[in-house]
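Undergrad: Here you go, structure10.txt (compact mmCIF, C-alpha atoms):
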# COMPACT_ATOMS: atom_id res chain seq x y z
CA MET A 1313 103.98 52.83 104.49
CA ALA A 1314 105.52 51.03 101.54
CA SER A 1315 102.47 48.86 100.91
CA ASP A 1316 101.04 51.49 98.53
CA MET A 1317 104.21 51.38 96.45
CA THR A 1318 104.80 49.08 93.49
CA LEU A 1319 108.03 48.58 91.58
CA TYR A 1320 107.99 46.72 88.26
CA TRP A 1321 111.49 45.50 87.45
CA VAL A 1322 113.57 42.94 85.63
CA SER A 1323 116.38 40.81 87.03
CA GLY A 1324 119.80 42.16 86.11
CA GLY A 1325 118.64 45.55 84.91
CA ALA A 1326 121.02 48.10 86.44
CA PRO A 1327 118.43 50.92 86.40
CA CYS A 1328 116.05 48.63 88.33
CA TRP A 1329 118.81 47.85 90.80
CA ARG A 1330 119.28 51.59 91.39
CA ALA A 1331 115.64 52.04 92.38
CA MET A 1332 115.61 48.91 94.52
CA ILE A 1333 118.74 49.99 96.41
CA CYS A 1334 117.13 53.36 97.19
CA LEU A 1335 113.91 51.70 98.35
CA GLU A 1336 115.94 49.52 100.73
CA GLU A 1337 118.13 52.39 101.92
CA LYS A 1338 115.05 54.45 102.74
CA GLY A 1339 113.55 51.63 104.80
CA LEU A 1340 110.80 50.92 102.27
CA SER A 1341 111.45 47.23 101.72
CA GLY A 1342 107.77 46.36 102.11
CA TYR A 1343 106.91 47.67 98.64
CA ASN A 1344 105.04 45.49 96.17
CA SER A 1345 107.75 43.95 94.08
CA LYS A 1346 106.73 42.82 90.61
CA MET A 1347 109.49 41.06 88.75
CA LEU A 1348 108.71 40.95 85.05
CA SER A 1349 110.03 38.60 82.42
CA LEU A 1350 111.57 40.17 79.32
CA ASP A 1351 111.28 36.78 77.61
CA ASN A 1352 107.50 36.96 78.07
CA LYS A 1353 107.50 40.65 77.05
CA ASP A 1354 105.77 41.46 80.35
CA GLN A 1355 107.14 45.00 80.09
CA LYS A 1356 104.91 45.58 77.06
CA SER A 1357 101.74 44.48 78.86
CA ASP A 1358 98.80 46.88 79.06
CA GLU A 1359 99.28 47.19 82.82
CA VAL A 1360 102.78 48.54 82.30
CA LEU A 1361 102.26 50.55 79.11
CA GLN A 1362 99.42 52.48 80.74
CA ILE A 1363 101.86 54.10 83.13
CA ASN A 1364 105.06 53.70 81.13
CA PRO A 1365 104.55 54.29 77.40
CA ARG A 1366 108.06 53.14 76.42
CA GLY A 1367 107.74 49.88 78.33
CA GLN A 1368 111.20 50.28 79.79
CA MET A 1369 112.06 49.05 83.23
CA PRO A 1370 111.83 50.05 86.05
CA THR A 1371 108.39 51.51 86.56
CA PHE A 1372 107.36 52.82 89.94
CA LYS A 1373 104.00 53.75 91.37
CA HIS A 1374 103.29 55.25 94.79
CA GLY A 1375 99.62 56.06 95.19
CA ASN A 1376 98.95 58.37 92.26
CA VAL A 1377 102.63 59.13 91.72
CA VAL A 1378 104.25 57.46 88.74
CA ALA A 1379 107.93 57.60 87.83
CA ASN A 1380 109.78 55.35 85.45
CA GLU A 1381 113.19 56.86 85.01
CA SER A 1382 115.46 55.34 87.65
CA LEU A 1383 117.05 58.67 88.57
CA ALA A 1384 113.64 60.29 88.96
CA ILE A 1385 112.51 57.41 91.19
CA CYS A 1386 115.61 57.72 93.37
CA LEU A 1387 115.29 61.51 93.69
CA TYR A 1388 111.59 61.20 94.47
CA LEU A 1389 112.25 58.66 97.23
CA GLU A 1390 114.96 60.81 98.78
CA ASN A 1391 112.90 64.00 98.62
CA THR A 1392 109.73 62.35 99.93
CA PHE A 1393 111.37 60.35 102.72
CA LYS A 1394 114.11 62.81 103.55
CA ASN A 1395 114.27 62.02 107.25
CA GLN A 1396 113.98 58.26 106.94
CA GLY A 1397 116.73 55.69 106.42
CA THR A 1398 119.98 56.60 104.72
CA LYS A 1399 120.40 60.26 103.77
CA LEU A 1400 121.07 59.94 100.05
CA LEU A 1401 121.48 63.63 99.23
CA PRO A 1402 123.59 65.74 101.61
CA ASP A 1403 122.42 69.21 102.67
CA ASP A 1404 125.76 70.92 102.14
CA PRO A 1405 125.53 72.59 98.70
CA ALA A 1406 129.00 71.56 97.51
CA GLN A 1407 128.52 67.98 98.66
CA GLN A 1408 125.04 67.88 97.17
CA ALA A 1409 126.31 69.15 93.83
CA LEU A 1410 128.97 66.47 93.78
CA VAL A 1411 126.46 63.74 94.53
CA LEU A 1412 124.07 64.97 91.82
CA GLN A 1413 126.92 65.29 89.34
CA ARG A 1414 128.16 61.75 89.97
CA ALA A 1415 124.64 60.31 89.98
CA VAL A 1416 123.81 61.78 86.56
CA GLU A 1417 127.31 61.23 85.19
CA SER A 1418 127.21 57.52 86.01
CA GLN A 1419 125.09 57.09 82.89
CA ASN A 1420 128.42 57.29 81.04
CA ILE A 1421 129.51 54.00 82.63
CA ARG A 1422 126.40 52.42 81.20
CA GLU A 1423 126.85 53.92 77.74
CA LYS A 1424 130.57 53.48 77.30
CA ALA A 1425 131.61 50.60 79.53
CA VAL A 1426 128.53 48.39 79.71
CA PHE A 1427 126.56 48.94 76.49
CA GLY A 1428 129.51 50.15 74.45
CA VAL A 1429 131.36 46.88 74.68
CA LEU A 1430 128.41 44.55 75.16
CA SER A 1431 126.79 45.91 72.01
CA TYR A 1432 129.90 44.85 70.11
CA PHE A 1433 129.17 41.27 71.09
CA PHE A 1434 125.39 41.24 71.18
CA GLY A 1435 124.31 44.20 69.05
CA THR A 1436 126.72 44.15 66.12
CA LYS A 1437 126.05 41.79 63.24
CA PRO A 1438 128.92 39.33 62.81
CA GLU A 1439 129.70 40.76 59.36
CA ASP A 1440 130.05 44.26 60.85
CA ARG A 1441 132.45 43.24 63.61
CA THR A 1442 136.04 44.27 63.18
CA GLU A 1443 139.06 44.40 65.40
CA ALA A 1444 139.09 48.17 64.87
CA LEU A 1445 135.52 48.51 66.15
CA LEU A 1446 136.28 46.39 69.19
CA GLU A 1447 139.41 48.44 69.92
CA GLU A 1448 137.42 51.66 69.65
CA ARG A 1449 134.80 50.39 72.11
CA LYS A 1450 137.45 49.05 74.49
CA LYS A 1451 139.26 52.38 74.42
CA ALA A 1452 136.07 54.30 75.28
CA CYS A 1453 135.30 51.80 78.06
CA HIS A 1454 138.74 52.13 79.63
CA GLU A 1455 138.79 55.92 79.29
CA GLU A 1456 135.49 56.04 81.15
CA LEU A 1457 136.55 53.68 83.93
CA GLN A 1458 139.82 55.59 84.31
CA ILE A 1459 137.83 58.72 85.12
CA TRP A 1460 136.05 56.93 87.97
CA GLU A 1461 139.28 55.33 89.13
CA GLY A 1462 140.64 58.87 89.38
CA TYR A 1463 137.67 60.09 91.40
CA LEU A 1464 138.13 57.28 93.91
CA ALA A 1465 141.91 57.71 94.07
CA LYS A 1466 141.42 61.29 95.26
CA PHE A 1467 139.34 60.17 98.24
CA GLY A 1468 141.46 57.17 99.20
CA ASP A 1469 140.34 53.62 99.83
CA GLY A 1470 137.29 52.95 101.95
CA SER A 1471 135.44 55.92 100.55
CA TYR A 1472 132.29 55.93 98.49
CA ILE A 1473 131.99 57.50 95.08
CA ALA A 1474 131.29 61.02 96.36
CA GLY A 1475 133.13 60.87 99.68
CA LYS A 1476 132.87 59.21 103.05
CA ASP A 1477 129.16 58.39 102.96
CA PHE A 1478 127.01 56.14 100.80
CA THR A 1479 124.75 58.40 98.72
CA LEU A 1480 122.49 58.58 95.70
CA ALA A 1481 125.67 58.63 93.61
CA ASP A 1482 126.52 55.11 94.77
CA ALA A 1483 122.98 53.85 94.26
CA CYS A 1484 123.19 55.16 90.70
CA ALA A 1485 126.77 54.23 89.76
CA TRP A 1486 127.47 50.95 91.51
CA PRO A 1487 124.89 48.76 89.70
CA PHE A 1488 126.76 49.34 86.43
CA LEU A 1489 129.89 47.92 88.05
CA GLY A 1490 127.77 45.02 89.26
CA VAL A 1491 126.74 44.29 85.68
CA LEU A 1492 130.30 44.67 84.35
CA VAL A 1493 131.66 42.19 86.89
CA HIS A 1494 128.81 39.76 86.27
CA MET A 1495 129.65 39.87 82.56
CA GLY A 1496 133.21 38.87 83.32
CA PHE A 1497 135.00 42.23 83.30
CA ASN A 1498 138.23 42.04 85.27
CA LEU A 1499 137.86 44.98 87.62
CA SER A 1500 141.26 44.37 89.23
CA GLN A 1501 142.68 46.42 86.35
CA TYR A 1502 141.33 49.34 88.40
CA PRO A 1503 142.38 48.81 92.01
CA HIS A 1504 140.35 51.66 93.48
CA LEU A 1505 137.23 50.61 91.60
CA ALA A 1506 137.79 47.01 92.68
CA ASN A 1507 138.02 48.10 96.33
CA TYR A 1508 134.93 50.22 95.89
CA TYR A 1509 133.06 47.33 94.28
CA ASP A 1510 133.84 45.14 97.30
CA LEU A 1511 132.93 47.88 99.77
CA VAL A 1512 129.42 48.24 98.34
CA LYS A 1513 128.79 44.65 97.24
CA ASP A 1514 127.87 43.30 100.67
CA ARG A 1515 125.76 46.26 101.71
CA PRO A 1516 122.34 44.92 102.81
CA SER A 1517 120.44 47.10 100.31
CA VAL A 1518 122.60 45.86 97.44
CA GLN A 1519 122.31 42.25 98.50
CA ALA A 1520 118.53 42.51 99.01
CA ALA A 1521 118.27 43.78 95.44
CA TRP A 1522 120.81 41.37 93.92
CA PRO A 1523 119.43 40.09 90.60
CA PRO A 1524 117.71 36.83 91.53
CA LEU A 1525 118.45 35.21 88.17
CA TRP A 1526 122.18 35.65 88.83
CA LYS A 1527 122.11 33.72 92.09
CA GLY A 1528 123.53 30.24 91.92
CA THR A 1529 124.78 30.75 88.37
CA PRO A 1530 128.39 31.54 87.49
CA ASP A 1531 129.32 34.94 86.14
CA LYS A 1532 129.54 35.23 82.37
CA ASP A 1533 132.84 35.62 80.54
CA THR A 1534 131.75 37.91 77.71
CA LEU A 1535 133.92 40.78 78.90
CA LYS A 1536 136.85 38.82 80.25
CA ASP A 1537 139.31 40.10 77.64
CA ILE A 1538 138.24 43.72 77.74
CA MET B 366 125.74 86.79 93.86
CA ALA B 367 126.20 85.28 90.43
CA SER B 368 129.62 86.85 89.91
CA ASP B 369 131.31 83.81 91.48
CA MET B 370 129.64 81.52 88.95
CA THR B 371 131.07 80.54 85.60
CA LEU B 372 129.35 78.62 82.84
CA TYR B 373 131.38 77.24 79.93
CA TRP B 374 129.09 76.52 77.00
CA VAL B 375 128.79 76.19 73.25
CA SER B 376 126.28 77.86 70.97
CA GLY B 377 123.46 75.52 69.96
CA GLY B 378 124.19 72.82 72.53
CA ALA B 379 120.84 71.87 74.05
CA PRO B 380 122.36 70.74 77.38
CA CYS B 381 124.04 74.17 77.63
CA TRP B 382 120.73 75.85 76.88
CA ARG B 383 119.14 73.91 79.76
CA ALA B 384 121.68 75.27 82.25
CA MET B 385 121.43 78.81 80.88
CA ILE B 386 117.64 78.81 81.10
CA CYS B 387 117.82 77.74 84.76
CA LEU B 388 120.42 80.41 85.53
CA GLU B 389 118.13 83.04 84.02
CA GLU B 390 115.00 81.68 85.72
CA LYS B 391 116.74 81.78 89.09
CA GLY B 392 117.73 85.42 88.58
CA LEU B 393 121.41 84.61 88.20
CA SER B 394 122.01 86.28 84.86
CA GLY B 395 125.17 88.01 86.11
CA TYR B 396 127.20 84.79 85.91
CA ASN B 397 130.47 84.69 84.00
CA SER B 398 129.54 83.40 80.61
CA LYS B 399 132.31 81.69 78.65
CA MET B 400 131.24 80.69 75.17
CA LEU B 401 133.67 78.15 73.76
CA SER B 402 134.35 77.26 70.16
CA LEU B 403 134.11 73.59 69.23
CA ASP B 404 135.99 74.43 66.02
CA ASN B 405 138.93 75.58 68.12
CA LYS B 406 138.52 72.56 70.44
CA ASP B 407 138.24 74.99 73.38
CA GLN B 408 136.34 72.31 75.30
CA LYS B 409 139.51 70.20 75.40
CA SER B 410 141.65 73.00 76.87
CA ASP B 411 143.47 72.41 80.13
CA GLU B 412 141.23 74.96 81.86
CA VAL B 413 138.15 72.89 81.02
CA LEU B 414 139.61 69.38 81.32
CA GLN B 415 140.79 70.15 84.85
CA ILE B 416 137.20 70.37 86.03
CA ASN B 417 135.51 68.32 83.32
CA PRO B 418 137.54 65.27 82.31
CA ARG B 419 135.30 64.37 79.35
CA GLY B 420 135.48 67.87 77.90
CA GLN B 421 131.74 67.89 77.25
CA MET B 422 129.70 71.03 77.49
CA PRO B 423 128.33 72.62 79.65
CA THR B 424 130.67 72.97 82.58
CA PHE B 425 129.66 74.96 85.61
CA LYS B 426 131.62 76.30 88.55
CA HIS B 427 130.26 78.15 91.57
CA GLY B 428 132.97 78.85 94.10
CA ASN B 429 134.37 75.40 94.80
CA VAL B 430 131.30 73.62 93.41
CA VAL B 431 131.73 71.99 90.02
CA ALA B 432 129.00 70.32 87.99
CA ASN B 433 129.09 69.43 84.35
CA GLU B 434 126.01 67.36 83.68
CA SER B 435 123.23 69.73 82.68
CA LEU B 436 120.63 68.02 84.87
CA ALA B 437 122.97 68.16 87.87
CA ILE B 438 123.58 71.86 87.23
CA CYS B 439 119.84 72.58 87.02
CA LEU B 440 119.05 70.60 90.18
CA TYR B 441 121.91 72.28 92.03
CA LEU B 442 120.67 75.74 91.05
CA GLU B 443 117.13 74.96 92.14
CA ASN B 444 118.17 73.39 95.44
CA THR B 445 120.66 76.15 96.27
CA PHE B 446 118.44 79.09 95.27
CA LYS B 447 115.12 77.55 96.21
CA ASN B 448 113.44 80.79 97.24
CA GLN B 449 114.76 82.89 94.39
CA GLY B 450 113.27 83.42 90.93
CA THR B 451 111.09 80.78 89.33
CA LYS B 452 110.29 77.74 91.46
CA LEU B 453 111.54 74.96 89.19
CA LEU B 454 110.67 72.00 91.43
CA PRO B 455 107.25 72.00 93.12
CA ASP B 456 106.91 70.99 96.78
CA ASP B 457 103.91 68.73 96.26
CA PRO B 458 105.30 65.16 96.06
CA ALA B 459 103.16 64.04 93.11
CA GLN B 460 103.90 67.21 91.16
CA GLN B 461 107.58 66.99 92.02
CA ALA B 462 107.76 63.37 90.87
CA LEU B 463 106.16 64.32 87.56
CA VAL B 464 108.62 67.17 87.02
CA LEU B 465 111.62 64.94 87.84
CA GLN B 466 110.28 62.18 85.61
CA ARG B 467 109.78 64.51 82.64
CA ALA B 468 113.13 66.25 83.21
CA VAL B 469 115.07 62.96 83.14
CA GLU B 470 112.88 61.42 80.46
CA SER B 471 113.47 64.32 78.08
CA GLN B 472 116.84 62.73 77.32
CA ASN B 473 114.83 60.40 75.06
CA ILE B 474 113.96 63.33 72.79
CA ARG B 475 117.66 63.96 72.40
CA GLU B 476 118.53 60.33 71.75
CA LYS B 477 115.69 59.36 69.47
CA ALA B 478 114.47 62.54 67.82
CA VAL B 479 117.55 64.77 67.68
CA PHE B 480 120.59 62.47 67.56
CA GLY B 481 118.74 59.47 66.16
CA VAL B 482 117.86 61.19 62.91
CA LEU B 483 120.72 63.68 62.76
CA SER B 484 123.22 60.87 63.11
CA TYR B 485 121.74 59.32 59.98
CA PHE B 486 122.77 62.42 58.06
CA PHE B 487 125.95 63.42 59.87
CA GLY B 488 127.14 60.28 61.64
CA THR B 489 126.49 57.51 59.13
CA LYS B 490 128.98 56.91 56.35
CA PRO B 491 127.35 57.37 52.94
CA GLU B 492 127.95 53.70 52.11
CA ASP B 493 126.10 52.62 55.28
CA ARG B 494 123.02 54.76 54.63
CA THR B 495 119.92 52.92 53.52
CA GLU B 496 116.28 53.78 53.21
CA ALA B 497 115.58 51.08 55.81
CA LEU B 498 117.93 52.72 58.32
CA LEU B 499 116.37 56.12 57.75
CA GLU B 500 112.88 54.68 58.16
CA GLU B 501 113.90 52.99 61.39
CA ARG B 502 115.27 56.27 62.79
CA LYS B 503 112.24 58.23 61.62
CA LYS B 504 109.92 55.72 63.26
CA ALA B 505 111.77 55.99 66.59
CA CYS B 506 111.73 59.79 66.33
CA HIS B 507 107.99 59.94 65.70
CA GLU B 508 107.17 57.38 68.37
CA GLU B 509 109.08 59.51 70.86
CA LEU B 510 107.45 62.79 69.85
CA GLN B 511 104.03 61.12 69.94
CA ILE B 512 104.59 60.32 73.60
CA TRP B 513 105.19 64.00 74.37
CA GLU B 514 102.29 65.06 72.19
CA GLY B 515 100.15 62.77 74.35
CA TYR B 516 101.44 64.29 77.59
CA LEU B 517 100.56 67.78 76.40
CA ALA B 518 97.17 66.71 75.02
CA LYS B 519 96.15 65.56 78.50
CA PHE B 520 96.81 68.99 80.00
CA GLY B 521 95.28 71.03 77.16
CA ASP B 522 96.80 73.93 75.31
CA GLY B 523 98.55 76.69 77.19
CA SER B 524 100.06 74.28 79.67
CA TYR B 525 103.71 73.49 80.21
CA ILE B 526 105.18 70.03 79.98
CA ALA B 527 104.31 69.03 83.55
CA GLY B 528 101.24 71.19 84.10
CA LYS B 529 100.29 74.81 84.48
CA ASP B 530 103.68 76.15 85.57
CA PHE B 531 107.06 76.40 83.90
CA THR B 532 109.41 74.00 85.72
CA LEU B 533 112.69 72.15 85.53
CA ALA B 534 110.96 69.76 83.11
CA ASP B 535 110.56 72.58 80.57
CA ALA B 536 114.10 73.81 81.06
CA CYS B 537 115.27 70.26 80.33
CA ALA B 538 112.89 69.26 77.51
CA TRP B 539 112.28 72.41 75.49
CA PRO B 540 115.85 72.97 74.22
CA PHE B 541 115.65 69.71 72.29
CA LEU B 542 112.58 71.03 70.49
CA GLY B 543 114.51 74.22 69.85
CA VAL B 544 117.25 72.21 68.14
CA LEU B 545 114.76 70.11 66.16
CA VAL B 546 113.00 73.20 64.79
CA HIS B 547 116.32 74.91 64.01
CA MET B 548 117.32 71.83 62.02
CA GLY B 549 114.16 72.14 59.93
CA PHE B 550 111.85 69.65 61.62
CA ASN B 551 108.22 70.46 60.86
CA LEU B 552 106.73 70.56 64.34
CA SER B 553 103.22 71.31 63.02
CA GLN B 554 102.88 67.52 62.62
CA TYR B 555 102.35 67.64 66.37
CA PRO B 556 99.89 70.44 67.13
CA HIS B 557 100.25 70.32 70.92
CA LEU B 558 104.02 70.28 70.72
CA ALA B 559 103.91 73.16 68.22
CA ASN B 560 101.75 75.20 70.61
CA TYR B 561 104.07 74.35 73.47
CA TYR B 562 107.10 75.33 71.42
CA ASP B 563 105.56 78.76 70.79
CA LEU B 564 104.53 79.19 74.41
CA VAL B 565 108.09 78.75 75.66
CA LYS B 566 110.02 80.24 72.74
CA ASP B 567 109.52 83.86 73.72
CA ARG B 568 110.11 83.38 77.41
CA PRO B 569 112.81 85.85 78.51
CA SER B 570 115.06 83.09 79.90
CA VAL B 571 114.88 81.17 76.64
CA GLN B 572 115.50 84.23 74.52
CA ALA B 573 118.40 85.36 76.72
CA ALA B 574 120.00 81.96 76.18
CA TRP B 575 119.14 81.66 72.47
CA PRO B 576 122.18 80.26 70.63
CA PRO B 577 124.00 83.37 69.38
CA LEU B 578 125.33 81.62 66.28
CA TRP B 579 121.75 80.94 65.17
CA LYS B 580 120.76 84.60 65.24
CA GLY B 581 120.46 86.23 61.87
CA THR B 582 120.96 82.94 60.04
CA PRO B 583 118.10 80.92 58.52
CA ASP B 584 117.12 77.61 60.07
CA LYS B 585 118.62 74.52 58.45
CA ASP B 586 116.58 72.09 56.39
CA THR B 587 118.28 68.83 57.34
CA LEU B 588 115.18 67.45 59.04
CA LYS B 589 112.53 68.98 56.78
CA ASP B 590 111.37 65.61 55.41
CA ILE B 591 111.34 63.74 58.70
Would you mind giving the structure from this file in structure tokens?
TA:
Amino acid sequence: MASDMTLYWVSGGAPCWRAMICLEEKGLSGYNSKMLSLDNKDQKSDEVLQINPRGQMPTFKHGNVVANESLAICLYLENTFKNQGTKLLPDDPAQQALVLQRAVESQNIREKAVFGVLSYFFGTKPEDRTEALLEERKKACHEELQIWEGYLAKFGDGSYIAGKDFTLADACAWPFLGVLVHMGFNLSQYPHLANYYDLVKDRPSVQAAWPPLWKGTPDKDTLKDI
Amino acid sequence: MASDMTLYWVSGGAPCWRAMICLEEKGLSGYNSKMLSLDNKDQKSDEVLQINPRGQMPTFKHGNVVANESLAICLYLENTFKNQGTKLLPDDPAQQALVLQRAVESQNIREKAVFGVLSYFFGTKPEDRTEALLEERKKACHEELQIWEGYLAKFGDGSYIAGKDFTLADACAWPFLGVLVHMGFNLSQYPHLANYYDLVKDRPSVQAAWPPLWKGTPDKDTLKDI
């Protein structure tokens, strides 16, 4: 069933990880997996640009269906394979709203915690870097993570991001934590998030989609003092 | 039915417009409408922060359901009132994937065309402004709009953003065009987008949710040379 599906992705891209987790959770692990190299600019090849004009990863194709926003891919997989594998979107309206809210909202972790601080180190010219700028980015990062720490605290340890079950919200939010930790962020500053990270880390879908270029290499230390 | 719904919003906020269009399209115009003033920092009031820790607009409450990401609100409304009003998400998998893709992807119009160029004028300190920076932002803006012009060109005039019917993709994408035009952007550079803008502009849901602070005041000219 998954043989007519293709996912183009890059190692370590959290949005790609989201899609890959959903593919695994829905029992679609037999998809055609095309890992691209950013170094080779594979994502700007004609093959990709034809179906994805921005050349951003991931890109997904299922028969004549194309989707290349990770959230759209995840929603498509859940809606199309509703009764297969893990139920990623609950039927109960209140639960469903919470899952959708957290799934969309997780983009804030990317913007404020991942990119916000990483762009200080990688995206800011040395002459533009100041202690004040770093402090501003750190503050936004910690304010964001504190919000998620609060969400988890309300449910108690052992719960997922939107309650007792693994859902679309986890597939969308967790990969950003995966990137933060890989970049050296000390998640033990947030005990509930640290527990949650561990809870999801060893899930088969997450492990199956673990960035291959990270395996066998130590985590970075870019964010160790954040 | 809509009397147990409350939407907190600000005039001219495209994400708020998205939610309001969906409420209208689903026949839920009787919701409690709370327009907040950014000048008064209403969005940081205790009433709002209790259900929306970032204090970003919109915020939506329906009984015990809370959602404050516009896309989550729109998806919740469609899923909960599936058989009521306009069908915003088609059943056909390929059509549905396209609508989801365009709905999520429309965030790029906000980032590159709306914020990208507006932040040059409003968010960049005068001493940091350069012709090169403006050109870079303009280029990103036009590249983005060209992608959407291409989408519409494929369908032909008179079509909506994902085909012959008005969908969630229009509710999500059009408000950004509304903001661009209000800020003086000359949309006639993109004939298909200009036609599409006109097609949707007079739709009752769009008019009902038209930013009240724009009414009776001329459009701005900030983006007239972009």
Undergrad: For chain A, report every residue with an atom at most 6 Å from chain B (counting all atoms listed in the file), formatted as a PDB file with C-alpha atoms, in the coordinates of the input.
TA:
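Final output, out39.pdb:
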ATOM      1  CA  VAL A1377     102.630  59.130  91.720  1.00  0.00           C
ATOM      2  CA  ALA A1379     107.930  57.600  87.830  1.00  0.00           C
ATOM      3  CA  ALA A1384     113.640  60.290  88.960  1.00  0.00           C
ATOM      4  CA  TYR A1388     111.590  61.200  94.470  1.00  0.00           C
ATOM      5  CA  ALA A1406     129.000  71.560  97.510  1.00  0.00           C
ATOM      6  CA  ALA A1409     126.310  69.150  93.830  1.00  0.00           C
ATOM      7  CA  LEU A1412     124.070  64.970  91.820  1.00  0.00           C
ATOM      8  CA  GLN A1413     126.920  65.290  89.340  1.00  0.00           C
TER       9      GLN A1413
END
Undergrad: List the neighbours of Arg1330 of chain A out to 8 Å using all atoms listed in the file; skip same-chain residues closer than 2 positions along the sequence, and give me the result as a PDB file with C-alpha atoms, in the coordinates of the input.
TA:
ATOM      1  CA  ALA A1326     121.020  48.100  86.440  1.00  0.00           C
ATOM      2  CA  PRO A1327     118.430  50.920  86.400  1.00  0.00           C
ATOM      3  CA  CYS A1328     116.050  48.630  88.330  1.00  0.00           C
ATOM      4  CA  MET A1332     115.610  48.910  94.520  1.00  0.00           C
ATOM      5  CA  ILE A1333     118.740  49.990  96.410  1.00  0.00           C
ATOM      6  CA  CYS A1334     117.130  53.360  97.190  1.00  0.00           C
ATOM      7  CA  SER A1382     115.460  55.340  87.650  1.00  0.00           C
ATOM      8  CA  LEU A1383     117.050  58.670  88.570  1.00  0.00           C
ATOM      9  CA  CYS A1386     115.610  57.720  93.370  1.00  0.00           C
ATOM     10  CA  ALA A1483     122.980  53.850  94.260  1.00  0.00           C
ATOM     11  CA  CYS A1484     123.190  55.160  90.700  1.00  0.00           C
ATOM     12  CA  PRO A1487     124.890  48.760  89.700  1.00  0.00           C
TER      13      PRO A1487
END
Undergrad: Rounded to one decimal place, report the atom CA of Leu1499 of chain A-atom CA of Phe1478 of chain A distance in Å.
TA: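 Those two atoms sit 20.4 Å apart.
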Undergrad: Need to verify the contact set: Lys1338 of chain A, 8 Å, only C-alpha atoms, exclusion of same-chain residues closer than 4 positions in sequence. Can you return it as number ranges by chain?
TA: A: 1334, 1389-1390, 1393, 1396-1399
Undergrad: So that I can see what lies close to Gly1367 of chain A, please list as a list in words the residues with an atom at most 12 Å from it, counting all atoms listed in the file and leaving out residues fewer than 6 positions away in the same chain.
TA: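 What passes the distance filter is Tyr1320, Trp1321, Val1322, Leu1348, Leu1350, Lys1353, Asp1354, Gln1355, Lys1356, Ser1357, Asp1358, Glu1359, Val1360, Leu1361, Asn1380 and Glu1381 of chain A; Ile512 of chain B.
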Undergrad: Could you state the separation of atom CA of Leu1511 of chain A and atom CA of Ala1465 of chain A in Å, given to one decimal place?
TA: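 Spanning atom CA of Leu1511 of chain A to atom CA of Ala1465 of chain A is a straight-line distance of 14.5 Å.
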Undergrad: Have a look at atom CA of Ala505 of chain B and atom CA of Tyr485 of chain B and let me know their distance in Å, one decimal.
TA: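 Atom CA of Ala505 of chain B sits 12.4 Å away from atom CA of Tyr485 of chain B.
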Undergrad: Identify the residues around (135.4, 40.7, 86.0) within a radius of 10 Å, measuring from all atoms listed in the file in the coordinates stated by the file, and give them as a PyMOL selection string.
TA: chain A and resi 1489-1501+1506+1531-1538
Undergrad: Have segment 1333-1343 of chain A completed to N, CA and C atoms, please, and pass it along as a short mmCIF file (atom, residue, chain, number, x, y, z; two decimals), in the coordinates of the input.
TA:
data_model
loop_
_atom_site.label_atom_id
_atom_site.label_comp_id
_atom_site.auth_asym_id
_atom_site.auth_seq_id
_atom_site.Cartn_x
_atom_site.Cartn_y
_atom_site.Cartn_z
N ILE A 1333 117.79 49.62 95.36
CA ILE A 1333 118.74 49.99 96.41
C ILE A 1333 118.19 51.19 97.19
N CYS A 1334 117.66 52.18 96.49
CA CYS A 1334 117.13 53.36 97.19
C CYS A 1334 115.92 53.00 98.05
N LEU A 1335 115.06 52.14 97.54
CA LEU A 1335 113.91 51.70 98.35
C LEU A 1335 114.40 51.05 99.65
N GLU A 1336 115.40 50.18 99.53
CA GLU A 1336 115.94 49.52 100.73
C GLU A 1336 116.61 50.53 101.66
N GLU A 1337 117.40 51.42 101.10
CA GLU A 1337 118.13 52.39 101.92
C GLU A 1337 117.17 53.32 102.67
N LYS A 1338 116.02 53.58 102.08
CA LYS A 1338 115.05 54.45 102.74
C LYS A 1338 114.09 53.68 103.65
N GLY A 1339 114.38 52.42 103.87
CA GLY A 1339 113.55 51.63 104.80
C GLY A 1339 112.18 51.29 104.24
N LEU A 1340 112.10 51.13 102.91
CA LEU A 1340 110.80 50.92 102.27
C LEU A 1340 110.70 49.51 101.66
N SER A 1341 111.34 48.55 102.34
CA SER A 1341 111.45 47.23 101.72
C SER A 1341 110.11 46.50 101.60
N GLY A 1342 109.06 47.03 102.21
CA GLY A 1342 107.77 46.36 102.11
C GLY A 1342 106.97 46.69 100.86
N TYR A 1343 107.63 47.31 99.88
CA TYR A 1343 106.91 47.67 98.64
C TYR A 1343 106.47 46.42 97.88
#
